[in-house]
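J.: Here it is: the structure, laid out below.
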Amino acid sequence: MKQSLVLLGLLAGAMLLGACTEPNTAEYRNAFARDHAGDIRLGVVWPLSSAKGTLKNGVEMALAEINEAGGVLGRKLDVVMRDDERSVNKGMLLAQEFAQDPQVVAVVGHLDSYIAIPVASSYEFSGILMVSPGSTGMRLTQQGFGRIFRTMVNNRESSTQLAEYAAKKQYRRIVIYYINNDYGRDLANFFEQRANDLNLTIVDRRAYEKVGGNHARVLAEWKHFHRFDAVFLAGSLPEGADIIREARELGIDAAILGGIGLDAPDLIATAGEYAEGVVVTSVFHPDIPRPEVLRFTQAYEQRLGVKPDASAAQGYDTVRLLADAIRRAGSAEPDKIAAALHATRQWKGVTGTHSFDEHGELSEKRIVLNVVRDGRFEYLE
């Protein structure tokens, strides 16, 4: 106990010195993890009141299962959960809060790439693993860090696979409407690149701002002056649902293909009947015919009375993957857990297969496609 208090003091002092002391900060955190025999602490930081707030349910379910089975290395997992409110400033403050807690070995978060990418350095320099179940931005794993990972398919993979689906459905002429941030630009660019490879025609592409966009003007222009088979909507919620409603009210009957930002039940709750037929990229559907999905879905329904969505499944998988890495590492030291994650090959979760490269990027996980039919998401094989 005395040694733990000494290490706590050393770590707190190191935090005050700033990022330039990163090697010592990480060393102190690893030393504390070696000496500390109590619960293994994870941080979870997520927009808990957002459309994708069900991640919390998956995290709590995984935590209960792991701890009821005896924990990890004979120790319980402990989670500190925080809401970043989709704010960069709040995300930075919470990253600092976790950095100042020597017991935190890993953080599960953030959803938004515009938060995850800048805060990644705070976790890296403080010696904490960051595993994002939501960030799709390419730059997250391109910063040269050794403790940053994602369990979500990145923008290149999801938009490339969606373009291939469009070609398969013979949508030859497509318009692209994307939110004007890294997420939207990435999706639009990679979709267009793959569409060109597949001899699809991008008739037009426009960007919109998350707040205050004049969607009706753009949509009306497309309807009256362009011929197209499909709209690729690289947006998020709630505004994505409003765009879909406006398009249908204007009489646009082309297929609508949505990016992973629209993959939440709130799409249907907000857009209502106008969401019918919309196809969205995802990493999960409760009807996927795999034994692990069936088991998870049944247990989740028994626990909460509803079927799980992709965010809940992502939370569940990410916590269980971290627990598995801790077991394989034989230690709660962040650097050893990171090494175990980098060595992960074909770990099978309810959201698919997880293998990581040297940058913490997924190399095998694929998207699934869900379509809205009769007021619910159906799985498209």
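Naming scheme: A, B, ... for chains in displayed order of the structure tokens; residues 1 onward per chain; ligands 1 onward as shown.
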Would you tabulate, counting only C-alpha atoms, all residues of region 164-248 of chain A that have an atom at most 8 Å from an atom of region 271-292 of chain A, showing the closest pair of atoms and their distance in Å to one decimal, sorted by chain then ascending number, as a tab-separated table?

T.:
```
residue	atom	partner	partner_atom	distance
A:Ala241	CA	A:Ala271	CA	5.0
A:Asp242	CA	A:Ala271	CA	6.4
A:Ile244	CA	A:Tyr274	CA	6.7
A:Arg245	CA	A:Tyr274	CA	5.4
A:Arg248	CA	A:Tyr274	CA	6.3
```

J.: Would you save the residues from that selection as a short mmCIF file (atom, residue, chain, number, x, y, z; two decimals), in the first residue's frame, using C-alpha atoms?

T.:
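Output file part-v9.cif follows:
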```cif
data_model
loop_
_atom_site.label_atom_id
_atom_site.label_comp_id
_atom_site.auth_asym_id
_atom_site.auth_seq_id
_atom_site.Cartn_x
_atom_site.Cartn_y
_atom_site.Cartn_z
CA ALA A 241 -32.92 11.87 -40.76
CA ASP A 242 -34.21 15.37 -41.57
CA ILE A 244 -34.02 11.99 -45.80
CA ARG A 245 -37.46 13.32 -44.88
CA ARG A 248 -38.81 12.21 -49.92
#
```

J.: Using DSSP on the backbone coordinates, identify all residues within region 65-101 of chain A classified as strand (DSSP E or B); present the result as a PyMOL selection string.

T.: chain A and resi 72+75+77-83

J.: May I have the selected residues written with N, CA, C and O atoms, as a PDB file, in the first residue's frame?

T.:
```
ATOM      1  N   VAL A  72     -10.616 -10.767 -14.498  1.00  0.00           N
ATOM      2  CA  VAL A  72      -9.466 -10.977 -15.374  1.00  0.00           C
ATOM      3  C   VAL A  72      -8.222 -11.087 -14.504  1.00  0.00           C
ATOM      4  O   VAL A  72      -7.973 -10.226 -13.655  1.00  0.00           O
ATOM      5  N   ARG A  75      -8.856 -10.560 -10.987  1.00  0.00           N
ATOM      6  CA  ARG A  75      -9.219  -9.216 -10.536  1.00  0.00           C
ATOM      7  C   ARG A  75     -10.471  -8.746 -11.285  1.00  0.00           C
ATOM      8  O   ARG A  75     -10.683  -9.089 -12.434  1.00  0.00           O
ATOM      9  N   LEU A  77     -12.963  -6.075 -13.171  1.00  0.00           N
ATOM     10  CA  LEU A  77     -12.868  -4.886 -14.006  1.00  0.00           C
ATOM     11  C   LEU A  77     -13.758  -3.800 -13.418  1.00  0.00           C
ATOM     12  O   LEU A  77     -14.890  -4.068 -13.009  1.00  0.00           O
ATOM     13  N   ASP A  78     -13.243  -2.587 -13.386  1.00  0.00           N
ATOM     14  CA  ASP A  78     -13.961  -1.435 -12.861  1.00  0.00           C
ATOM     15  C   ASP A  78     -14.035  -0.397 -13.977  1.00  0.00           C
ATOM     16  O   ASP A  78     -13.036  -0.146 -14.659  1.00  0.00           O
ATOM     17  N   VAL A  79     -15.206   0.194 -14.187  1.00  0.00           N
ATOM     18  CA  VAL A  79     -15.379   1.165 -15.262  1.00  0.00           C
ATOM     19  C   VAL A  79     -15.798   2.512 -14.696  1.00  0.00           C
ATOM     20  O   VAL A  79     -16.706   2.603 -13.869  1.00  0.00           O
ATOM     21  N   VAL A  80     -15.121   3.564 -15.155  1.00  0.00           N
ATOM     22  CA  VAL A  80     -15.516   4.939 -14.870  1.00  0.00           C
ATOM     23  C   VAL A  80     -16.083   5.506 -16.159  1.00  0.00           C
ATOM     24  O   VAL A  80     -15.381   5.581 -17.170  1.00  0.00           O
ATOM     25  N   MET A  81     -17.367   5.880 -16.145  1.00  0.00           N
ATOM     26  CA  MET A  81     -18.043   6.294 -17.374  1.00  0.00           C
ATOM     27  C   MET A  81     -18.290   7.799 -17.366  1.00  0.00           C
ATOM     28  O   MET A  81     -18.728   8.359 -16.364  1.00  0.00           O
ATOM     29  N   ARG A  82     -17.978   8.440 -18.493  1.00  0.00           N
ATOM     30  CA  ARG A  82     -18.145   9.883 -18.629  1.00  0.00           C
ATOM     31  C   ARG A  82     -18.801  10.222 -19.972  1.00  0.00           C
ATOM     32  O   ARG A  82     -18.670   9.483 -20.942  1.00  0.00           O
ATOM     33  N   ASP A  83     -19.458  11.369 -20.036  1.00  0.00           N
ATOM     34  CA  ASP A  83     -20.150  11.832 -21.243  1.00  0.00           C
ATOM     35  C   ASP A  83     -19.367  13.002 -21.840  1.00  0.00           C
ATOM     36  O   ASP A  83     -19.202  14.038 -21.186  1.00  0.00           O
TER      37      ASP A  83
END
```

J.: To one decimal in Å, tell me the separation between CA of Ala313 (chain A) and CA of Ala325 (chain A).

T.: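 Taking CA of Ala313 (chain A) and CA of Ala325 (chain A), their separation equals 18.2 Å.
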
J.: For each of A:Glu60, A:Asp229, A:Glu361, A:Asp182, take the minimum atom-to-atom distance to Leu200 (chain A), counting only C-alpha atoms, then give the residue where this is smallest.

T.: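 Nearest candidate to Leu200 (chain A) out of A:Glu60, A:Asp229, A:Glu361, A:Asp182: A:Asp229.
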
J.: Using only C-alpha atoms, which residues of region 81-197 of chain A come within 9 Å of region 250-257 of chain A, and what is the closest atom pair for each, with the distance in Å to one decimal? Give it as JSON lines, sorted by chain and residue number.

T.:
```
{"residue": "A:Leu162", "atom": "CA", "partner": "A:Leu257", "partner_atom": "CA", "distance": 7.9}
{"residue": "A:Ala166", "atom": "CA", "partner": "A:Leu257", "partner_atom": "CA", "distance": 8.4}
{"residue": "A:Tyr171", "atom": "CA", "partner": "A:Ala255", "partner_atom": "CA", "distance": 8.4}
```

J.: Just the residues within 6 Å of region 104-112 of chain A, please, counting only C-alpha atoms, with nothing from its chain fewer than 6 positions along; format it as a VMD selection string.

T.: chain A and resid 41 to 46 128 to 132 134 to 135 334

J.: Using all heavy atoms, can you export the residues from the last selection as an mmCIF file, in the first residue's frame?

T.:
```cif
data_model
loop_
_atom_site.group_PDB
_atom_site.id
_atom_site.type_symbol
_atom_site.label_atom_id
_atom_site.label_comp_id
_atom_site.auth_asym_id
_atom_site.auth_seq_id
_atom_site.Cartn_x
_atom_site.Cartn_y
_atom_site.Cartn_z
ATOM 1 N N ARG A 41 -8.951 -0.814 -13.806
ATOM 2 C CA ARG A 41 -9.869 0.271 -14.154
ATOM 3 C C ARG A 41 -9.801 0.637 -15.625
ATOM 4 O O ARG A 41 -8.732 0.885 -16.177
ATOM 5 C CB ARG A 41 -9.576 1.505 -13.301
ATOM 6 C CG ARG A 41 -10.495 2.700 -13.584
ATOM 7 C CD ARG A 41 -10.395 3.757 -12.512
ATOM 8 N NE ARG A 41 -10.865 3.209 -11.240
ATOM 9 C CZ ARG A 41 -10.738 3.839 -10.078
ATOM 10 N NH1 ARG A 41 -10.122 5.015 -10.017
ATOM 11 N NH2 ARG A 41 -11.193 3.291 -8.970
ATOM 12 N N LEU A 42 -10.995 0.700 -16.234
ATOM 13 C CA LEU A 42 -11.158 1.204 -17.592
ATOM 14 C C LEU A 42 -11.965 2.501 -17.545
ATOM 15 O O LEU A 42 -12.867 2.645 -16.712
ATOM 16 C CB LEU A 42 -11.900 0.197 -18.473
ATOM 17 C CG LEU A 42 -11.383 -1.236 -18.539
ATOM 18 C CD1 LEU A 42 -12.300 -2.072 -19.433
ATOM 19 C CD2 LEU A 42 -9.951 -1.285 -19.038
ATOM 20 N N GLY A 43 -11.658 3.419 -18.437
ATOM 21 C CA GLY A 43 -12.494 4.594 -18.612
ATOM 22 C C GLY A 43 -13.373 4.388 -19.840
ATOM 23 O O GLY A 43 -12.975 3.736 -20.798
ATOM 24 N N VAL A 44 -14.578 4.915 -19.792
ATOM 25 C CA VAL A 44 -15.461 4.929 -20.959
ATOM 26 C C VAL A 44 -15.903 6.367 -21.155
ATOM 27 O O VAL A 44 -16.439 6.987 -20.229
ATOM 28 C CB VAL A 44 -16.687 4.019 -20.774
ATOM 29 C CG1 VAL A 44 -17.653 4.167 -21.949
ATOM 30 C CG2 VAL A 44 -16.257 2.564 -20.625
ATOM 31 N N VAL A 45 -15.662 6.920 -22.333
ATOM 32 C CA VAL A 45 -16.073 8.301 -22.610
ATOM 33 C C VAL A 45 -16.785 8.322 -23.949
ATOM 34 O O VAL A 45 -16.240 7.906 -24.974
ATOM 35 C CB VAL A 45 -14.866 9.258 -22.551
ATOM 36 C CG1 VAL A 45 -13.761 8.842 -23.494
ATOM 37 C CG2 VAL A 45 -15.291 10.684 -22.828
ATOM 38 N N TRP A 46 -18.043 8.811 -23.918
ATOM 39 C CA TRP A 46 -18.955 8.623 -25.047
ATOM 40 C C TRP A 46 -20.083 9.649 -24.919
ATOM 41 O O TRP A 46 -20.388 10.080 -23.801
ATOM 42 C CB TRP A 46 -19.533 7.215 -24.959
ATOM 43 C CG TRP A 46 -20.189 6.672 -26.190
ATOM 44 C CD1 TRP A 46 -21.527 6.541 -26.429
ATOM 45 C CD2 TRP A 46 -19.536 6.154 -27.358
ATOM 46 N NE1 TRP A 46 -21.741 5.969 -27.660
ATOM 47 C CE2 TRP A 46 -20.533 5.728 -28.252
ATOM 48 C CE3 TRP A 46 -18.196 6.014 -27.730
ATOM 49 C CZ2 TRP A 46 -20.259 5.178 -29.501
ATOM 50 C CZ3 TRP A 46 -17.902 5.462 -28.968
ATOM 51 C CH2 TRP A 46 -18.923 5.050 -29.836
ATOM 52 N N ILE A 128 -1.855 5.732 -21.453
ATOM 53 C CA ILE A 128 -3.144 5.033 -21.440
ATOM 54 C C ILE A 128 -3.469 4.509 -22.832
ATOM 55 O O ILE A 128 -3.266 5.204 -23.830
ATOM 56 C CB ILE A 128 -4.274 5.977 -20.991
ATOM 57 C CG1 ILE A 128 -4.027 6.472 -19.557
ATOM 58 C CG2 ILE A 128 -5.635 5.300 -21.084
ATOM 59 C CD1 ILE A 128 -5.050 7.507 -19.096
ATOM 60 N N LEU A 129 -3.987 3.283 -22.912
ATOM 61 C CA LEU A 129 -4.517 2.795 -24.177
ATOM 62 C C LEU A 129 -5.811 3.536 -24.487
ATOM 63 O O LEU A 129 -6.613 3.795 -23.585
ATOM 64 C CB LEU A 129 -4.854 1.311 -24.107
ATOM 65 C CG LEU A 129 -3.775 0.286 -24.432
ATOM 66 C CD1 LEU A 129 -2.798 0.182 -23.272
ATOM 67 C CD2 LEU A 129 -4.406 -1.049 -24.718
ATOM 68 N N MET A 130 -6.025 3.845 -25.743
ATOM 69 C CA MET A 130 -7.319 4.345 -26.198
ATOM 70 C C MET A 130 -7.813 3.381 -27.263
ATOM 71 O O MET A 130 -7.116 3.113 -28.246
ATOM 72 C CB MET A 130 -7.189 5.745 -26.784
ATOM 73 C CG MET A 130 -8.450 6.240 -27.488
ATOM 74 S SD MET A 130 -8.173 7.863 -28.245
ATOM 75 C CE MET A 130 -9.585 7.939 -29.351
ATOM 76 N N VAL A 131 -9.005 2.837 -27.058
ATOM 77 C CA VAL A 131 -9.623 1.948 -28.043
ATOM 78 C C VAL A 131 -10.958 2.551 -28.419
ATOM 79 O O VAL A 131 -11.877 2.588 -27.604
ATOM 80 C CB VAL A 131 -9.810 0.520 -27.492
ATOM 81 C CG1 VAL A 131 -10.316 -0.404 -28.590
ATOM 82 C CG2 VAL A 131 -8.514 -0.015 -26.903
ATOM 83 N N SER A 132 -11.076 3.056 -29.651
ATOM 84 C CA SER A 132 -12.310 3.713 -30.061
ATOM 85 C C SER A 132 -13.247 2.745 -30.768
ATOM 86 O O SER A 132 -12.888 2.169 -31.796
ATOM 87 C CB SER A 132 -12.015 4.890 -31.000
ATOM 88 O OG SER A 132 -13.249 5.430 -31.465
ATOM 89 N N GLY A 134 -15.948 3.890 -32.100
ATOM 90 C CA GLY A 134 -16.785 4.734 -32.939
ATOM 91 C C GLY A 134 -16.066 5.549 -33.987
ATOM 92 O O GLY A 134 -16.602 5.789 -35.066
ATOM 93 N N SER A 135 -14.854 5.997 -33.687
ATOM 94 C CA SER A 135 -14.151 6.889 -34.610
ATOM 95 C C SER A 135 -13.771 6.157 -35.891
ATOM 96 O O SER A 135 -13.132 5.112 -35.864
ATOM 97 C CB SER A 135 -12.884 7.451 -33.944
ATOM 98 O OG SER A 135 -12.110 8.171 -34.882
ATOM 99 N N PRO A 334 -0.417 -1.087 -19.177
ATOM 100 C CA PRO A 334 -0.900 -0.634 -20.483
ATOM 101 C C PRO A 334 -0.003 -1.030 -21.649
ATOM 102 O O PRO A 334 -0.505 -1.431 -22.711
ATOM 103 C CB PRO A 334 -0.964 0.885 -20.319
ATOM 104 C CG PRO A 334 -1.205 1.089 -18.864
ATOM 105 C CD PRO A 334 -0.429 0.007 -18.180
#
```

J.: Could you state the separation of CA of Ser158 (chain A) and CA of Ala340 (chain A) in Å, given to one decimal place?

T.: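 Going from CA of Ser158 (chain A) over to CA of Ala340 (chain A), I get 26.0 Å.
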
J.: Can you tell me which residues surround Gly137 (chain A) at a distance of at most 6 Å, considering only C-alpha atoms, apart from same-chain residues fewer than 3 positions away, and format the answer as an NGL selection string?

T.: :A and (113 or 140 or 183)

J.: Output N, CA and C atoms for every residue in the selection just made, as an mmCIF file, in the first residue's frame.

T.:
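New file result-v7.cif:
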```cif
data_model
loop_
_atom_site.group_PDB
_atom_site.id
_atom_site.type_symbol
_atom_site.label_atom_id
_atom_site.label_comp_id
_atom_site.auth_asym_id
_atom_site.auth_seq_id
_atom_site.Cartn_x
_atom_site.Cartn_y
_atom_site.Cartn_z
ATOM 1 N N SER A 113 -14.800 11.377 -34.592
ATOM 2 C CA SER A 113 -13.396 11.507 -34.994
ATOM 3 C C SER A 113 -12.848 12.893 -34.689
ATOM 4 N N LEU A 140 -6.870 8.860 -37.195
ATOM 5 C CA LEU A 140 -6.767 8.354 -35.831
ATOM 6 C C LEU A 140 -5.571 7.428 -35.658
ATOM 7 N N TYR A 183 -15.095 13.214 -41.192
ATOM 8 C CA TYR A 183 -15.894 12.013 -41.426
ATOM 9 C C TYR A 183 -16.587 12.076 -42.788
#
```
